[in-house]
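Single-structure report; data block below.
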Amino acid sequence: MTRTQTETTGPAGAAGTGEAQGPQQYEIVVVANRLPVDLTVEEDGSTSWRRSPGGLVSALEPVMQAADGAWIGWTGSPDVEAEPFDADDMHLVPLTLSADEVADYYEGFSNDTLWPLSHDVISPPEFHRHWWDAYRRVNRRFAEAAAGLAAPGAVVWVHDYQLQLVPALLRELRPDLRIGYFHHIPFPPLEIFAQLPWRRQVVEGLLGADLVGFQRAGDAGNFIRVVRRLTDLAARGQLVTVPGHDGGEDRVVRAAAFPISIDSSRFDAMARRPEVRARAEEIRADLGNPAVLLLGVDRLDYTKGIRHRIKAYGELLAEGRLSVPDAALVQVASPSRENVEAYQQLRDEVEGLVGRINGEFGAIGSAAVYYLHHSYPPDEMAALYLAADVMLVTSLRDGMNLVAKEFVAACVDDRGVLVLSEFTGAADELSGALLVNPHDIDGLKDTIERAARMERKEMRARMRKLRRRVLADDVTKWSDSFLAALGAGVDGAEVPEQDVDHLRHAHQPHGEGPRGGDDA
Ligand code: G6P
């Protein structure tokens with residue numbers, strides 16, 4: 001994707017300028033690093049908005065469409081000035097980041113400090129004071145934009161690690177708002193979080209919210225332990241008491257788990273469409289109809305355990321426990337954070353490994369690994385899921401992993417085995433999967449082999465169990481339960497219906513666009 005441009009073809013919206021006196025205000029405002037669409041520049045210089053990568057978009061789009069809300073986020077390119085506009089029944093308010101801010105706030109502090117710190121320091125986090133300064137500055141701009149768009153007493157839902165200071169900054173500007181924050185990635189244990197030089201400011205930023213949501217109970221527990229050790233505040237169970245400003249009333253903040261999901265029925269419906277089923281057949285045929293088709297789908301990120309998975313597969317080939325062309329591995333690795341050095345290094349390593357395995361075990365017309373450094377639209381992903389026999393999710397650490405859930409939702413014939421890392425949030429929920437420790441290469445090899453040879457009967461029983469769970473606990477249930485808890489007050493007892501009614505909604509299907517490798 002081209003990284004610089006100045007003009008947009010997106011329709012200009014009438015409302016939501018980010019000014020407090022602006023003409024229209026919204027009952028629900030989502031604040032996320034990215035808009036649900038990215039601005040892209042075509043080869044002929046024209047620009048268009050395309051669905052952005054990552055799980056957040058798929059998770060929130062149905063909520064926003066139903067609630068008629070506004071969404072504040074970055075366009076995905078530096079120095080882009082774009083007017084607010086309406087798309088897919090959402091009011092989108094682009095926030096401009098300069099090239100320096102993209103480098104320091106997004107690539108630097110968000111993705112080279114907080115991201116590795118939150119993922120077991122798999123890659124060493126870098127601590128730079130000028131990155132922190134940019135993070136604070138950009139968080140303040142997001143908070144100011146939200147303060148200008150929110151109606152009196154509105155709900156503002158802040159998302160993810162890029163914006164952890166927004167809840168407190170926003171509360172200072174607009175104490176009337178009900179503020180929710182959801183952390184899509186793991187919250188690290190105290191011993192790791194404590195490395196962050198600005199750890200206290202980050203915790204205080206999050207405590208500006210009324211409700212702080214996490215993927216797993218363990219993440220919420222880590223957060224509460226951090227609050228106890230790094231602040232003087234009283235924490236009991238899920239609740240933290242924060243003294244009011246200038247002798248005002250105390251506030252109680254709740255930290256709890258709300259495991260995110262996907263629009264399951266959408267993937268289920270997609271995988272039943274005749275053209276998607278035909279495409280799945282075609283994919284298998286193009287690969288030479290292998291007896292076992294293994295699939296990996298990830299953003300190209302060092303947290304995903306892509307190298308571990310390919311190494312295990314290579315050893316299975318070397319030992320003759322799998323062989324080409326009977327077996328094939330398709331690895332979709334969608335491009336991600338390409339200006340961050342750790343990601344460039346990972347790309348070199350993965351591509352080196354794929355080259356070596358193909359060189360050794362491939363033949364003309366039959367590769368061992370089909371490596372695709374692209375994003376794909378959802379219906380192509382559904383066809384791939386449907387075509388696969390074994391789905392490999394081998395993350396070293398992952399907040400949830402929505403790819404695992406997408407695969408399950410697409411397995412409408414109860415065919416397919418999910419190999420799932422213990423270190424994903426999804427492992428807490430998906431008990432029909434074969435769980436693995438991706439660091440244990442021998443264990444991983446045994447599990448891949450077991451999945452490849454699994455009898456139809458066991459496969460069907462496991463997949464049915466998985467599907468019951470994924471179809472029941474979908475993204476609508478997730479957002480409803482978060483918003484109900486946000487409306488409910490800390491004891492969870494009274495729910496002021498007038499405040500949350502308009503946020504509850506019927507499920508709506510949403511539009512399609514290019515992407516692939518959703519994760520959270
Ligand atoms: C993860 C994060 C999201 C992020 C996505 C894609 O899912 O939790 O906040 O949007 O990765 O990463 P990117 O840096 O491209 O936004």
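Identifiers for the structure tokens are assigned positionally: chains receive A, B, ... in sequence, residues are indexed from 1 per chain, and ligands are indexed from 1 in the order shown.
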
Distance query stretch 200-212 of chain A at most 9 Å, only C-alpha atoms, self and fewer than 5 positions along chain excluded, as JSON, numbers by chain: {"A": [158, 163, 164, 165, 166, 167, 168, 169, 170, 171, 172, 178, 179, 180, 181, 182, 183, 194, 220, 223, 226, 227, 230, 231, 240, 242, 251, 252, 253, 254, 255, 256, 257, 482, 485, 486, 489, 490]}

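The protein and nucleic acid residues lying at most 10 Å from stretch 440-447 of chain A are A:His308, A:Arg309, A:Lys311, A:Ala312, A:Tyr313, A:Gly314, A:Glu315, A:Leu316, A:Arg321, A:Thr394, A:Val419, A:Leu420, A:Ser421, A:Leu434, A:Leu435, A:Ala452, A:Arg453, with only C-alpha atoms considered and sequence neighbours fewer than 5 positions away removed.
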
Those of stretch 103-261 of chain A in DSSP helix (DSSP H, G or I), formatted as an NGL selection string: :A and (103-118 or 129-149 or 161-163 or 166-173 or 190-193 or 199-206 or 217-230 or 245-247)

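Taking atom CA of A:Ala278 and atom CA of A:Leu329 as endpoints, the distance between them is 20.1 Å.
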
If you count only C-alpha atoms, which residues fall within 10 Å of A:Ile260, apart from same-chain ones fewer than 3 positions away, as a PDB file with C-alpha atoms, in the first residue's frame?
```
ATOM      1  CA  GLY A  55     -10.131  -8.136  14.214  1.00  0.00           C
ATOM      2  CA  LEU A  56     -11.373  -4.857  15.639  1.00  0.00           C
ATOM      3  CA  ALA A  59     -15.950  -6.978  15.898  1.00  0.00           C
ATOM      4  CA  PHE A 182     -11.421  -2.734  25.953  1.00  0.00           C
ATOM      5  CA  HIS A 184      -7.699  -6.522  22.804  1.00  0.00           C
ATOM      6  CA  GLY A 213     -12.489  -5.020  29.689  1.00  0.00           C
ATOM      7  CA  PHE A 214      -9.963  -7.761  28.955  1.00  0.00           C
ATOM      8  CA  GLN A 215      -9.966 -10.958  26.895  1.00  0.00           C
ATOM      9  CA  ARG A 216      -9.355 -13.362  29.776  1.00  0.00           C
ATOM     10  CA  ALA A 257     -13.081 -10.365  31.203  1.00  0.00           C
ATOM     11  CA  GLY A 399      -4.992 -11.946  23.188  1.00  0.00           C
ATOM     12  CA  MET A 400      -7.729 -14.054  21.599  1.00  0.00           C
ATOM     13  CA  ASN A 401      -6.984 -15.182  17.991  1.00  0.00           C
ATOM     14  CA  LEU A 402     -10.055 -14.707  15.874  1.00  0.00           C
ATOM     15  CA  GLY A 425      -7.206 -16.446  24.666  1.00  0.00           C
ATOM     16  CA  ALA A 426      -9.225 -18.753  22.389  1.00  0.00           C
ATOM     17  CA  ASP A 473     -20.805 -16.800  21.597  1.00  0.00           C
ATOM     18  CA  ASP A 474     -20.593 -14.361  18.720  1.00  0.00           C
ATOM     19  CA  VAL A 475     -19.467 -10.760  18.494  1.00  0.00           C
ATOM     20  CA  THR A 476     -22.954  -9.411  19.130  1.00  0.00           C
ATOM     21  CA  LYS A 477     -23.080 -11.225  22.431  1.00  0.00           C
ATOM     22  CA  TRP A 478     -19.643  -9.826  23.263  1.00  0.00           C
ATOM     23  CA  SER A 479     -20.531  -6.196  22.565  1.00  0.00           C
ATOM     24  CA  PHE A 482     -19.707  -5.213  27.485  1.00  0.00           C
ATOM     25  CA  ALA A 520      -7.240  -9.652  18.377  1.00  0.00           C
TER      26      ALA A 520
END
```

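Using only C-alpha atoms, the contacts of A:Asp413 at a cut-off of 10 Å, with sequence neighbours closer than 4 positions omitted, comprise Ala271, Arg272, Leu386, Arg460, Met463 and Arg464 of chain A.
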
Could you dump the residues just selected with N, CA and C atoms as a compact mmCIF listing (two decimals), in the first residue's frame?
```txt
# COMPACT_ATOMS: atom_id res chain seq x y z
N ALA A 271 -19.61 -19.79 4.03
CA ALA A 271 -19.07 -21.11 3.70
C ALA A 271 -20.14 -22.04 3.12
N ARG A 272 -21.40 -21.64 3.19
CA ARG A 272 -22.45 -22.45 2.58
C ARG A 272 -22.78 -21.99 1.16
N LEU A 386 -12.53 -23.72 4.35
CA LEU A 386 -13.33 -24.87 3.94
C LEU A 386 -12.45 -25.93 3.26
N ARG A 460 -15.44 -35.11 13.59
CA ARG A 460 -16.79 -34.57 13.58
C ARG A 460 -17.23 -34.21 15.01
N MET A 463 -15.39 -31.06 16.09
CA MET A 463 -15.82 -29.86 15.36
C MET A 463 -17.23 -29.43 15.79
N ARG A 464 -18.09 -30.40 16.06
CA ARG A 464 -19.44 -30.04 16.51
C ARG A 464 -19.40 -29.27 17.83
```

Secondary structure check, strand (DSSP E) residues of stretch 143-388 of chain A, as a PDB file with C-alpha atoms, in the first residue's frame:
```pdb
ATOM      1  CA  ALA A 150     -20.035  12.802  22.375  1.00  0.00           C
ATOM      2  CA  ALA A 151     -23.549  13.911  23.328  1.00  0.00           C
ATOM      3  CA  PRO A 152     -24.180  14.752  27.004  1.00  0.00           C
ATOM      4  CA  GLY A 153     -24.001  11.540  29.051  1.00  0.00           C
ATOM      5  CA  ALA A 154     -23.031   9.517  25.953  1.00  0.00           C
ATOM      6  CA  VAL A 155     -21.124   6.249  25.953  1.00  0.00           C
ATOM      7  CA  VAL A 156     -17.556   6.419  24.664  1.00  0.00           C
ATOM      8  CA  TRP A 157     -15.904   3.079  23.967  1.00  0.00           C
ATOM      9  CA  VAL A 158     -12.109   3.305  23.720  1.00  0.00           C
ATOM     10  CA  HIS A 159     -10.176   0.431  22.143  1.00  0.00           C
ATOM     11  CA  ARG A 178     -19.770   6.879  30.542  1.00  0.00           C
ATOM     12  CA  ILE A 179     -16.388   5.577  29.446  1.00  0.00           C
ATOM     13  CA  GLY A 180     -15.566   1.984  28.561  1.00  0.00           C
ATOM     14  CA  TYR A 181     -12.160   0.649  27.514  1.00  0.00           C
ATOM     15  CA  PHE A 182     -11.421  -2.734  25.953  1.00  0.00           C
ATOM     16  CA  LEU A 211     -15.246  -0.370  32.896  1.00  0.00           C
ATOM     17  CA  VAL A 212     -11.941  -1.848  31.738  1.00  0.00           C
ATOM     18  CA  GLY A 213     -12.489  -5.020  29.689  1.00  0.00           C
ATOM     19  CA  PHE A 214      -9.963  -7.761  28.955  1.00  0.00           C
ATOM     20  CA  ALA A 234      -7.943   0.243  47.126  1.00  0.00           C
ATOM     21  CA  ALA A 235      -8.794  -2.779  44.955  1.00  0.00           C
ATOM     22  CA  ARG A 236     -11.271  -5.470  46.010  1.00  0.00           C
ATOM     23  CA  LEU A 239     -13.292  -3.243  41.710  1.00  0.00           C
ATOM     24  CA  VAL A 240     -10.920  -0.321  42.202  1.00  0.00           C
ATOM     25  CA  THR A 241     -11.987   2.788  44.119  1.00  0.00           C
ATOM     26  CA  VAL A 242     -10.636   6.032  42.673  1.00  0.00           C
ATOM     27  CA  ARG A 251     -15.606   6.475  41.505  1.00  0.00           C
ATOM     28  CA  VAL A 252     -15.514   2.717  41.283  1.00  0.00           C
ATOM     29  CA  VAL A 253     -13.818   1.178  38.245  1.00  0.00           C
ATOM     30  CA  ARG A 254     -14.541  -2.428  37.280  1.00  0.00           C
ATOM     31  CA  ALA A 255     -11.968  -4.649  35.533  1.00  0.00           C
ATOM     32  CA  ALA A 256     -13.380  -7.872  34.062  1.00  0.00           C
ATOM     33  CA  ALA A 257     -13.081 -10.365  31.203  1.00  0.00           C
ATOM     34  CA  VAL A 292      -3.824 -33.427   3.930  1.00  0.00           C
ATOM     35  CA  LEU A 293      -4.047 -29.693   3.437  1.00  0.00           C
ATOM     36  CA  LEU A 294      -2.574 -27.749   6.376  1.00  0.00           C
ATOM     37  CA  LEU A 295      -3.380 -24.060   6.713  1.00  0.00           C
ATOM     38  CA  GLY A 296      -1.918 -21.113   8.622  1.00  0.00           C
ATOM     39  CA  VAL A 297      -3.477 -17.626   8.471  1.00  0.00           C
ATOM     40  CA  ASP A 298      -1.852 -14.785  10.377  1.00  0.00           C
ATOM     41  CA  ARG A 299      -0.641 -11.240  10.257  1.00  0.00           C
ATOM     42  CA  ALA A 327       0.638 -33.083   2.265  1.00  0.00           C
ATOM     43  CA  ALA A 328       0.772 -29.353   1.545  1.00  0.00           C
ATOM     44  CA  LEU A 329       0.934 -26.308   3.807  1.00  0.00           C
ATOM     45  CA  VAL A 330      -0.678 -23.033   2.760  1.00  0.00           C
ATOM     46  CA  GLN A 331       0.602 -20.145   4.873  1.00  0.00           C
ATOM     47  CA  VAL A 332      -1.170 -16.809   4.443  1.00  0.00           C
ATOM     48  CA  ALA A 333       0.954 -14.133   6.127  1.00  0.00           C
ATOM     49  CA  SER A 334      -0.672 -10.746   5.674  1.00  0.00           C
ATOM     50  CA  VAL A 369       4.751 -24.696   1.461  1.00  0.00           C
ATOM     51  CA  TYR A 370       2.579 -22.234  -0.443  1.00  0.00           C
ATOM     52  CA  TYR A 371       3.536 -18.932   1.174  1.00  0.00           C
ATOM     53  CA  LEU A 372       1.266 -15.960   0.429  1.00  0.00           C
TER      54      LEU A 372
END
```
